[in-house]
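Participant: Okay, so here is model_2.cif, and as you'll see once you scroll down, it has mmCIF, C-alpha atoms and all ligand atoms.
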```cif
data_structure
loop_
_atom_site.label_atom_id
_atom_site.label_comp_id
_atom_site.auth_asym_id
_atom_site.auth_seq_id
_atom_site.Cartn_x
_atom_site.Cartn_y
_atom_site.Cartn_z
CA MET R 23 8.86 -9.69 14.76
CA ILE R 24 7.88 -6.21 13.60
CA ARG R 25 9.61 -4.64 16.59
CA SER R 26 12.83 -6.44 15.85
CA LEU R 27 12.61 -5.45 12.18
CA ILE R 28 12.26 -1.84 13.21
CA LEU R 29 15.20 -2.11 15.59
CA PHE R 30 17.21 -3.79 12.88
CA LEU R 31 16.46 -0.94 10.50
CA ILE R 32 17.25 1.70 13.10
CA CYS R 33 20.51 0.04 14.02
CA SER R 34 21.54 -0.67 10.45
CA SER R 35 24.42 1.41 9.31
CA TRP R 36 22.85 2.10 5.91
CA ILE R 37 20.54 4.71 7.44
CA TYR R 38 23.46 6.77 8.66
CA ALA R 39 26.02 5.75 6.09
CA GLN R 40 25.32 8.44 3.57
CA ASP R 41 26.06 12.15 3.66
CA MET R 42 23.36 14.78 3.85
CA VAL R 43 22.42 16.32 0.51
CA SER R 44 21.74 20.07 0.35
CA PRO R 45 18.17 20.85 -0.63
CA THR R 46 17.50 22.27 -4.08
CA PRO R 47 15.78 25.71 -4.11
CA LEU R 48 12.45 24.06 -5.04
CA GLN R 49 12.81 21.45 -2.30
CA GLN R 50 13.66 24.18 0.19
CA ALA R 51 10.60 26.16 -0.92
CA ILE R 52 8.32 23.12 -0.44
CA LYS R 53 9.88 22.48 2.97
CA THR R 54 9.26 26.10 3.96
CA GLU R 55 5.64 26.00 2.76
CA SER R 56 4.94 22.78 4.61
CA SER R 57 6.56 24.05 7.82
CA LEU R 58 4.38 27.20 7.67
CA ILE R 59 1.26 25.02 7.91
CA LYS R 60 2.73 22.39 10.23
CA ASP R 61 0.36 23.12 13.11
CA GLN R 62 -2.71 23.29 10.85
CA LEU R 63 -1.79 19.91 9.36
CA ILE R 64 -1.48 18.30 12.79
CA SER R 65 -4.85 19.82 13.84
CA LEU R 66 -6.43 18.61 10.59
CA ARG R 67 -5.10 15.09 11.11
CA ARG R 68 -6.41 15.00 14.67
CA ASP R 69 -9.80 16.31 13.56
CA LEU R 70 -10.03 13.56 10.92
CA HIS R 71 -8.87 11.00 13.50
CA GLN R 72 -11.65 12.07 15.87
CA HIS R 73 -14.28 11.80 13.13
CA PRO R 74 -13.52 8.52 11.33
CA GLU R 75 -16.00 7.17 8.79
CA ILE R 76 -16.15 3.64 7.42
CA ALA R 77 -15.93 2.74 3.73
CA GLY R 78 -18.77 4.25 1.73
CA ASN R 79 -19.82 6.66 4.52
CA GLU R 80 -17.09 9.30 4.25
CA LYS R 81 -19.55 12.22 4.10
CA ARG R 82 -17.90 14.53 6.61
CA THR R 83 -14.35 13.64 5.56
CA SER R 84 -15.24 14.34 1.94
CA ALA R 85 -16.77 17.72 2.85
CA VAL R 86 -13.64 18.72 4.82
CA ILE R 87 -11.45 17.82 1.83
CA SER R 88 -13.65 19.68 -0.69
CA LYS R 89 -13.68 22.81 1.43
CA LEU R 90 -9.89 22.89 1.78
CA LEU R 91 -9.34 22.27 -1.95
CA ASN R 92 -11.88 24.96 -2.84
CA ASP R 93 -10.18 27.38 -0.40
CA LEU R 94 -6.94 26.76 -2.29
CA GLY R 95 -8.71 27.77 -5.51
CA LEU R 96 -8.27 24.41 -7.21
CA GLU R 97 -10.71 22.95 -9.73
CA VAL R 98 -12.72 20.58 -7.50
CA HIS R 99 -14.91 17.63 -8.47
CA GLU R 100 -17.04 16.10 -5.75
CA ALA R 101 -18.97 12.82 -5.49
CA VAL R 102 -16.67 10.92 -7.85
CA GLY R 103 -17.46 7.26 -7.21
CA GLY R 104 -19.31 7.93 -3.95
CA TYR R 105 -17.57 10.33 -1.58
CA GLY R 106 -14.48 10.63 -3.78
CA VAL R 107 -13.06 14.11 -4.37
CA VAL R 108 -10.60 15.30 -7.03
CA GLY R 109 -8.62 18.55 -6.91
CA ILE R 110 -6.80 19.82 -10.01
CA LEU R 111 -3.89 22.29 -9.94
CA LYS R 112 -2.86 23.60 -13.35
CA THR R 113 0.31 25.62 -13.90
CA ASP R 114 0.97 27.80 -16.92
CA LYS R 115 3.92 25.72 -18.06
CA PRO R 116 3.91 22.49 -20.04
CA GLY R 117 4.93 19.32 -18.27
CA LYS R 118 3.71 15.96 -17.14
CA HIS R 119 0.38 15.42 -15.42
CA ILE R 120 1.09 13.85 -12.03
CA ALA R 121 -1.61 12.30 -9.85
CA TRP R 122 -1.50 11.57 -6.13
CA ARG R 123 -4.00 9.22 -4.42
CA ALA R 124 -4.99 9.40 -0.75
CA ASP R 125 -7.48 6.94 0.72
CA ILE R 126 -9.85 8.52 3.22
CA ASP R 127 -11.88 5.82 5.01
CA ALA R 128 -11.54 4.29 8.49
CA LEU R 129 -12.33 0.89 9.97
CA SER R 130 -15.13 -0.52 11.98
CA THR R 131 -13.52 -2.00 15.06
CA ASN R 132 -14.31 -3.23 18.53
CA LEU R 133 -10.66 -3.49 19.39
CA GLU R 134 -9.32 -2.01 22.58
CA GLU R 135 -9.26 1.72 23.17
CA ASP R 136 -7.27 4.10 20.97
CA PRO R 137 -3.91 4.90 22.62
CA ALA R 138 -4.01 8.43 21.13
CA ASP R 139 -5.31 11.39 23.21
CA PHE R 140 -7.59 12.59 20.40
CA LYS R 141 -9.92 9.61 20.43
CA SER R 142 -12.65 8.81 17.94
CA VAL R 143 -16.05 10.30 18.75
CA ASN R 144 -17.70 7.69 16.49
CA LYS R 145 -18.15 4.58 18.61
CA GLY R 146 -16.73 1.44 17.04
CA VAL R 147 -14.97 3.31 14.22
CA ARG R 148 -11.27 4.17 14.21
CA HIS R 149 -8.47 5.22 11.88
CA ILE R 150 -6.22 2.21 12.50
CA CYS R 151 -4.90 2.16 8.93
CA GLY R 152 -3.58 5.74 8.89
CA HIS R 153 -5.88 7.08 6.17
CA ASP R 154 -6.40 10.22 8.27
CA VAL R 155 -2.66 10.79 7.88
CA HIS R 156 -2.71 9.92 4.16
CA THR R 157 -5.50 12.49 3.62
CA THR R 158 -3.62 15.15 5.59
CA ILE R 159 -0.38 14.57 3.65
CA ALA R 160 -2.20 14.88 0.31
CA LEU R 161 -3.86 18.12 1.41
CA GLY R 162 -0.48 19.38 2.66
CA ILE R 163 1.11 18.66 -0.72
CA ALA R 164 -1.84 20.34 -2.51
CA HIS R 165 -1.41 23.41 -0.29
CA SER R 166 2.38 23.63 -0.72
CA LEU R 167 2.37 23.14 -4.49
CA THR R 168 -0.47 25.67 -4.91
CA GLN R 169 1.58 28.32 -3.08
CA LEU R 170 4.52 27.59 -5.39
CA LYS R 171 2.49 27.38 -8.59
CA ALA R 172 4.53 30.12 -10.33
CA GLN R 173 7.69 28.00 -9.99
CA LEU R 174 6.11 24.74 -11.19
CA SER R 175 5.44 23.01 -14.50
CA GLY R 176 2.76 20.56 -15.56
CA THR R 177 -0.53 19.62 -13.90
CA TYR R 178 -1.24 18.05 -10.51
CA TYR R 179 -4.21 15.89 -9.58
CA PHE R 180 -5.14 15.13 -5.98
CA VAL R 181 -7.40 12.09 -5.86
CA PHE R 182 -9.15 11.41 -2.54
CA GLN R 183 -10.46 7.87 -2.74
CA PRO R 184 -13.22 6.51 -0.53
CA ALA R 185 -13.82 2.86 0.40
CA GLU R 186 -10.30 1.44 0.21
CA GLU R 187 -10.90 -0.90 3.13
CA ASN R 188 -13.59 -2.85 1.30
CA ILE R 189 -11.71 -2.47 -2.02
CA THR R 190 -14.63 -0.87 -3.85
CA GLY R 191 -13.60 2.80 -3.98
CA ALA R 192 -11.00 2.75 -6.75
CA LYS R 193 -13.32 0.81 -9.06
CA ALA R 194 -16.21 3.15 -8.24
CA MET R 195 -14.08 6.20 -9.12
CA LEU R 196 -12.93 4.62 -12.39
CA ASP R 197 -16.50 3.56 -13.26
CA ASP R 198 -17.63 7.12 -12.53
CA GLY R 199 -15.25 8.55 -15.16
CA LEU R 200 -12.18 9.47 -13.07
CA LEU R 201 -9.93 9.10 -16.11
CA ASP R 202 -12.19 11.41 -18.15
CA LEU R 203 -11.74 14.10 -15.50
CA ILE R 204 -7.98 13.66 -15.24
CA GLN R 205 -5.33 12.43 -17.67
CA PRO R 206 -2.36 11.46 -15.47
CA ASP R 207 0.96 10.37 -16.93
CA GLU R 208 2.06 9.05 -13.55
CA PHE R 209 0.11 8.04 -10.44
CA PHE R 210 1.54 7.84 -6.91
CA ALA R 211 0.27 6.84 -3.45
CA LEU R 212 1.67 5.93 -0.06
CA HIS R 213 0.80 3.85 2.97
CA MET R 214 1.95 4.06 6.58
CA THR R 215 4.14 1.11 7.68
CA PRO R 216 6.07 0.02 10.78
CA PHE R 217 9.43 1.19 9.36
CA PRO R 218 11.12 4.04 11.28
CA THR R 219 9.64 7.48 10.64
CA GLY R 220 10.62 8.99 7.33
CA ILE R 221 11.81 5.79 5.63
CA VAL R 222 10.35 5.59 2.12
CA ALA R 223 10.44 2.07 0.72
CA THR R 224 9.31 0.56 -2.55
CA LYS R 225 10.42 -1.59 -5.48
CA PRO R 226 9.49 -2.10 -9.12
CA GLY R 227 6.83 -4.78 -9.71
CA GLU R 228 4.90 -6.48 -6.90
CA LEU R 229 5.07 -5.06 -3.36
CA TYR R 230 2.43 -7.36 -1.90
CA ALA R 231 2.31 -10.98 -2.96
CA HIS R 232 -0.47 -12.37 -5.13
CA TYR R 233 -2.84 -13.83 -2.54
CA LYS R 234 -5.03 -16.69 -3.74
CA LYS R 235 -7.49 -19.17 -2.38
CA VAL R 236 -6.54 -22.55 -3.82
CA VAL R 237 -9.58 -24.84 -4.19
CA VAL R 238 -9.43 -28.50 -5.23
CA ARG R 239 -12.64 -30.46 -5.77
CA LEU R 240 -12.50 -34.23 -5.37
CA ASP R 241 -15.05 -36.81 -6.43
CA THR R 242 -14.44 -38.89 -3.33
CA GLN R 243 -14.51 -38.90 0.44
CA ASP R 244 -11.76 -41.53 0.74
CA PRO R 245 -9.37 -40.25 3.45
CA LYS R 246 -6.34 -41.81 1.72
CA ILE R 247 -7.02 -39.91 -1.53
CA ILE R 248 -7.73 -36.72 0.40
CA ASP R 249 -4.41 -37.03 2.27
CA ALA R 250 -2.53 -37.72 -0.95
CA VAL R 251 -3.97 -34.59 -2.61
CA LYS R 252 -3.22 -32.54 0.53
CA GLU R 253 0.36 -33.73 0.29
CA GLN R 254 0.53 -32.47 -3.31
CA MET R 255 -0.88 -29.11 -2.22
CA ARG R 256 1.83 -28.84 0.45
CA THR R 257 4.54 -29.19 -2.21
CA LEU R 258 3.49 -25.82 -3.67
CA THR R 259 5.39 -24.12 -0.85
CA THR R 260 8.84 -23.32 -2.21
CA VAL R 261 10.44 -21.72 0.85
CA LYS R 262 11.84 -23.85 3.62
CA ASP R 263 12.27 -20.94 6.03
CA THR R 264 9.37 -19.69 8.06
CA MET R 265 8.37 -16.37 6.52
CA PHE R 266 6.58 -15.09 9.60
CA GLY R 267 6.60 -16.24 13.21
CA LYS R 268 9.14 -17.17 15.82
CA ASP R 269 11.99 -18.33 13.58
CA SER R 270 11.16 -15.95 10.77
CA SER R 271 13.83 -14.74 8.37
CA PHE R 272 11.87 -11.54 7.79
CA GLU R 273 14.41 -9.16 9.32
CA ASP R 274 17.53 -11.13 8.42
CA PRO R 275 19.99 -8.67 6.81
CA ILE R 276 20.84 -11.17 4.07
CA LYS R 277 17.74 -13.33 3.60
CA GLY R 278 15.08 -10.90 4.87
CA ILE R 279 12.75 -8.48 3.11
CA VAL R 280 15.49 -5.86 2.66
CA GLY R 281 18.33 -8.40 2.29
CA THR R 282 20.70 -8.83 -0.60
CA GLU R 283 19.76 -12.49 -1.03
CA SER R 284 16.17 -12.16 0.08
CA ILE R 285 14.12 -15.35 0.19
CA TYR R 286 11.14 -13.03 -0.27
CA GLN R 287 12.08 -12.37 -3.89
CA LYS R 288 10.61 -15.52 -5.37
CA TYR R 289 8.31 -17.89 -3.53
CA SER R 290 5.07 -19.76 -3.14
CA PHE R 291 4.02 -19.82 0.48
CA ARG R 292 1.05 -21.53 2.12
CA GLU R 293 -0.54 -19.12 4.56
CA SER R 294 -3.03 -21.41 6.31
CA ASP R 295 -4.05 -24.99 7.02
CA ILE R 296 -5.66 -27.06 4.30
CA TRP R 297 -9.36 -27.42 5.13
CA ALA R 298 -11.55 -30.27 3.89
CA GLN R 299 -15.29 -29.83 3.51
CA GLN R 300 -17.80 -32.49 2.43
CA GLU R 301 -20.36 -31.49 -0.18
CA GLY R 302 -22.66 -34.33 -1.21
CA GLU R 303 -20.39 -37.09 -2.55
CA GLN R 304 -17.56 -34.60 -3.10
CA THR R 305 -14.77 -33.21 -0.94
CA ILE R 306 -13.57 -29.65 -1.33
CA LEU R 307 -10.06 -28.83 -0.14
CA HIS R 308 -9.06 -25.23 0.24
CA THR R 309 -6.22 -23.14 1.59
CA TYR R 310 -4.54 -19.77 1.03
CA TYR R 311 -1.24 -19.09 -0.68
CA SER R 312 1.00 -16.09 -1.32
CA PHE R 313 2.88 -16.03 -4.62
CA SER R 314 5.69 -13.55 -5.14
CA ASP R 315 4.95 -12.97 -8.81
CA ASP R 316 3.29 -14.27 -11.98
CA ALA R 317 6.03 -16.87 -12.54
CA ALA R 318 5.61 -18.41 -9.06
CA LEU R 319 1.86 -18.44 -9.54
CA SER R 320 2.03 -20.10 -12.91
CA ASP R 321 4.56 -22.71 -11.65
CA ALA R 322 2.16 -23.62 -8.84
CA GLY R 323 -0.76 -23.72 -11.29
CA LEU R 324 1.13 -26.11 -13.54
CA GLN R 325 2.04 -28.29 -10.58
CA LEU R 326 -1.57 -28.55 -9.50
CA GLN R 327 -2.73 -29.20 -13.04
CA ASN R 328 -0.32 -32.14 -13.07
CA LEU R 329 -2.61 -33.81 -10.56
CA PHE R 330 -4.93 -34.42 -13.51
CA ASP R 331 -2.21 -36.62 -15.03
CA HIS R 332 -1.41 -38.39 -11.78
CA GLU R 333 -2.17 -42.11 -12.28
CA GLU R 334 -3.82 -42.72 -8.91
CA LEU R 335 -5.37 -39.33 -8.21
CA SER R 336 -6.52 -38.05 -11.59
CA THR R 337 -9.82 -39.93 -11.65
CA TYR R 338 -10.86 -38.24 -8.39
CA ILE R 339 -9.88 -34.66 -9.29
CA LYS R 340 -12.79 -32.60 -10.59
CA SER R 341 -11.08 -29.22 -10.63
CA CYS R 342 -8.16 -27.13 -9.28
CA ASP R 343 -8.71 -23.39 -9.08
CA PHE R 344 -6.82 -20.33 -7.92
CA GLU R 345 -9.43 -17.83 -6.77
CA PRO R 346 -8.38 -14.18 -6.40
CA VAL R 347 -8.79 -12.75 -2.90
CA SER R 348 -7.39 -9.25 -3.45
CA TYR R 349 -6.17 -7.06 -6.31
CA VAL R 350 -2.53 -7.50 -7.30
CA LEU R 351 -0.63 -4.25 -6.87
CA LYS R 352 2.23 -3.92 -9.36
CA ASN R 353 4.49 -0.90 -9.44
CA HIS R 354 5.35 0.18 -12.96
CA PRO R 355 9.01 -0.80 -13.57
CA GLU R 356 10.29 2.33 -15.38
CA THR R 357 8.25 4.90 -13.45
CA THR R 358 9.27 3.31 -10.15
CA ARG R 359 12.91 3.18 -11.16
CA ALA R 360 12.73 6.89 -12.13
CA ALA R 361 10.90 7.78 -8.88
CA LEU R 362 13.45 5.88 -6.78
CA GLU R 363 16.35 7.61 -8.55
CA THR R 364 14.68 11.00 -8.10
CA LEU R 365 14.22 10.34 -4.36
CA GLN R 366 17.70 8.89 -3.92
CA GLN R 367 19.23 12.10 -5.31
CA GLN R 368 17.75 14.27 -2.57
CA PHE R 369 16.76 11.86 0.19
CA PRO R 370 19.42 9.14 0.13
CA GLN R 371 19.15 8.55 3.87
CA GLN R 372 15.44 7.85 3.76
CA THR R 373 15.02 6.03 0.45
CA LEU R 374 15.07 2.25 0.59
CA GLU R 375 14.65 -0.11 -2.34
CA LEU R 376 13.08 -3.33 -1.08
CA SER R 377 14.33 -6.62 -2.40
CA GLY R 378 11.40 -8.84 -1.45
CA VAL R 379 7.64 -9.01 -1.86
CA PHE R 380 5.49 -8.93 1.32
CA PRO R 381 3.61 -12.19 1.93
CA GLY R 382 0.44 -12.30 3.99
CA GLY R 383 -2.51 -11.17 1.92
CA ARG R 384 -2.47 -7.40 2.25
CA SER R 385 -3.15 -5.28 -0.81
CA ASP R 386 -4.68 -1.95 -1.83
CA ASP R 387 -7.15 -1.20 -4.61
CA PHE R 388 -4.77 1.53 -5.79
CA ALA R 389 -3.77 -1.53 -7.84
CA LEU R 390 -6.65 -0.68 -10.20
CA PHE R 391 -5.23 2.80 -10.89
CA LEU R 392 -1.81 1.23 -11.55
CA ASP R 393 -3.47 -1.10 -14.06
CA LYS R 394 -4.44 2.01 -16.09
CA VAL R 395 -1.61 4.49 -15.39
CA PRO R 396 2.11 3.91 -14.75
CA GLY R 397 2.96 4.67 -11.15
CA THR R 398 4.31 3.70 -7.77
CA TYR R 399 3.01 2.84 -4.32
CA PHE R 400 5.30 3.71 -1.42
CA PHE R 401 5.55 2.34 2.10
CA VAL R 402 6.33 5.20 4.47
CA GLY R 403 7.63 4.53 7.97
CA ALA R 404 5.80 6.24 10.84
CA THR R 405 7.15 4.33 13.85
CA ASP R 406 9.06 5.60 16.87
CA VAL R 407 9.83 2.57 19.04
CA GLU R 408 11.16 4.65 21.92
CA LYS R 409 7.82 6.44 22.20
CA ASN R 410 5.98 3.13 21.73
CA ILE R 411 4.40 4.44 18.52
CA ILE R 412 4.05 1.52 16.11
CA ALA R 413 2.38 2.14 12.75
CA MET R 414 1.23 -1.42 12.17
CA PRO R 415 -1.94 -1.17 10.03
CA HIS R 416 -5.10 -2.66 11.57
CA ALA R 417 -3.36 -3.44 14.88
CA PRO R 418 -5.24 -2.25 17.98
CA PHE R 419 -2.10 -0.38 19.11
CA PHE R 420 -1.73 1.37 15.72
CA GLN R 421 -0.35 4.89 16.10
CA VAL R 422 1.52 7.27 13.83
CA ASP R 423 4.52 9.46 14.56
CA GLU R 424 3.10 12.76 13.31
CA LYS R 425 6.56 13.90 12.15
CA VAL R 426 5.80 11.79 9.07
CA ILE R 427 3.27 14.39 7.89
CA GLY R 428 5.70 17.27 7.31
CA GLN R 429 8.39 14.93 6.00
CA SER R 430 6.03 13.32 3.50
CA VAL R 431 4.73 16.67 2.25
CA GLU R 432 8.31 17.70 1.58
CA ILE R 433 9.47 14.42 0.03
CA PHE R 434 6.45 13.68 -2.15
CA GLY R 435 5.66 17.31 -3.00
CA TRP R 436 9.18 17.50 -4.35
CA LEU R 437 8.83 14.17 -6.17
CA MET R 438 5.64 15.33 -7.89
CA ALA R 439 7.13 18.71 -8.84
CA LYS R 440 10.27 17.07 -10.18
CA ARG R 441 8.42 14.42 -12.19
CA ALA R 442 6.11 17.09 -13.68
CA ARG R 443 9.11 18.90 -15.12
CA SER R 444 9.73 16.11 -17.64
CA PRO R 445 8.07 16.54 -21.04
CA ARG R 446 4.89 14.55 -21.70
ZN ZN W 1 -6.48 -0.94 6.00
ZN ZN W 2 -4.81 1.38 4.59
#
```
What would the structure in this file look like if it were written as structure tokens?
Facilitator:
Amino acid sequence: MIRSLILFLICSSWIYAQDMVSPTPLQQAIKTESSLIKDQLISLRRDLHQHPEIAGNEKRTSAVISKLLNDLGLEVHEAVGGYGVVGILKTDKPGKHIAWRADIDALSTNLEEDPADFKSVNKGVRHICGHDVHTTIALGIAHSLTQLKAQLSGTYYFVFQPAEENITGAKAMLDDGLLDLIQPDEFFALHMTPFPTGIVATKPGELYAHYKKVVVRLDTQDPKIIDAVKEQMRTLTTVKDTMFGKDSSFEDPIKGIVGTESIYQKYSFRESDIWAQQEGEQTILHTYYSFSDDAALSDAGLQLQNLFDHEELSTYIKSCDFEPVSYVLKNHPETTRAALETLQQQFPQQTLELSGVFPGGRSDDFALFLDKVPGTYFFVGATDVEKNIIAMPHAPFFQVDEKVIGQSVEIFGWLMAKRARSPR
């Protein structure tokens, strides 16, 4: 499915439909700076890839980051929420304070061997979510903007977050006073995705669906009642089409995730079987759902609550609960609209506004930063199908097209510089 989505995107005329835009002097300067350190960035990424550290253990990674930020002459704060590091670049001119988040941890994995030549030296640990690349891009932006400080306005914060994979790092940084150290007006982050290299995709509001465990407790073990309640739980699914799998609409140009009439815009979708578990005299039913947004979630909640009024079932229903499984990541509507417009001006060929919300339970605790500060999370393509490089997070074959590093430094360095020029 992912391969055909990628091919669809590559073959789609929209990628090639628009004319090239000449770079602005600032954009050109950032491009030049990033190309001067191209080889160092690739070496840095490979070094991080060879020395991956799992959530909460990012000692070496954190030390590498601190050293590079200190070498740049930035104000550096270490040990923020564990192995978190913050670098601050101040210019002499007024302007917005723009923050960039990179997550720095790797995954514990016994999956098959890394296809890359620069393999992990830490047995059972690998960067299969691309955080080595995220870290490198953030350091590349910090380097390029520092060299161009005299031409810039505002203040820049580079936030290196540990422990994203177990969704504890963002909270730890906030609890440790991150927002006393920095006062961002806007907060940005990116994640590698299987789109073609250089594609930058996002949308206002939810990017990943709300993912919930739905739990219904019944005061009976009667199979007929259990089946009737299961049937009610099945009605929460509002899409007829298969969202993933063989007959998926995912890459359909009209109904798919980038389509004009995307079925991924508004939905409730059951992601698993409904399991029944006996507990004393009770039966507990549970399953997992994706909900595109608050409205879909509250519709489903109301529907389940109606079971309490159901004449045959109500006496057996003890409770219906929606338990959170992950944080809900919501892009700020105005900031995201402004960021998309800024990117579309200079990078029309790469910028893609998504129409749908990804089902399937993925999220990112960057969500907690977006709860406090307006901002945007971007998906960045790092896939080259012809070279068999597929940036599918957590997949054993996960690899990144390293061209994405230089491109991202240019694109997001420019975005940060441009956004910082607006008054606070
Ligand atoms: Zn991950
Ligand atoms: Zn990740």
Participant: Would you kindly return, as a ChimeraX atom specification, each protein, DNA or RNA residue with an atom no farther than 8 Å from any atom of Ala51 of chain R, considering all atoms listed in the file and excluding same-chain residues fewer than 4 positions away?
Facilitator: /R:47,55,170
Participant: Given the choices R:Phe419, R:Phe388, R:Phe217, R:Tyr289, which gets closest to ligand ZN 2 (chain W) if the distance is worked out from only C-alpha atoms and all ligand atoms?
Facilitator: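 Checking each of R:Phe419, R:Phe388, R:Phe217, R:Tyr289 against ligand ZN 2 (chain W), counting only C-alpha atoms and all ligand atoms, the winner is R:Phe388.
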Participant: If you count only C-alpha atoms and all ligand atoms, which residues end up within 8 Å of ligand ZN 1 (chain W), as a VMD selection string?
Facilitator: chain R and resid 128 to 129 150 to 152 186 to 187 415 to 416
Participant: Export C-alpha atoms of the chosen residues as a PDB file, in the frame of the given file?
Facilitator:
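What ended up in result.pdb:
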```pdb
ATOM      1  CA  ALA R 128     -11.540   4.290   8.490  1.00  0.00           C
ATOM      2  CA  LEU R 129     -12.330   0.890   9.970  1.00  0.00           C
ATOM      3  CA  ILE R 150      -6.220   2.210  12.500  1.00  0.00           C
ATOM      4  CA  CYS R 151      -4.900   2.160   8.930  1.00  0.00           C
ATOM      5  CA  GLY R 152      -3.580   5.740   8.890  1.00  0.00           C
ATOM      6  CA  GLU R 186     -10.300   1.440   0.210  1.00  0.00           C
ATOM      7  CA  GLU R 187     -10.900  -0.900   3.130  1.00  0.00           C
ATOM      8  CA  PRO R 415      -1.940  -1.170  10.030  1.00  0.00           C
ATOM      9  CA  HIS R 416      -5.100  -2.660  11.570  1.00  0.00           C
TER      10      HIS R 416
END
```
Participant: With distances taken over all atoms listed in the file, which of R:Val431, R:Val236, R:Gln173, R:Ala442 is nearest to Ala121 of chain R?
Facilitator: R:Ala442
Participant: Suppose you want the space between atom CA of Thr373 of chain R and atom CA of Ile433 of chain R; what is it in Å?
Facilitator: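 Taking atom CA of Thr373 of chain R and atom CA of Ile433 of chain R, their separation equals 10.1 Å.
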Participant: Quick one: of R:Leu229, R:Gly383, R:Val237, R:Pro218, who's nearest to Val407 of chain R, counting only C-alpha atoms?
Facilitator: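 Looking only at the distances to Val407 of chain R, the closest residue turns out to be R:Pro218.
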Participant: Counting only C-alpha atoms, figure out which residue out of R:Ser320, R:Thr215, R:Gln304, R:Gln421 gets nearest to Asp244 of chain R.
Facilitator: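 Checking each candidate against Asp244 of chain R, we get R:Gln304 as the closest.
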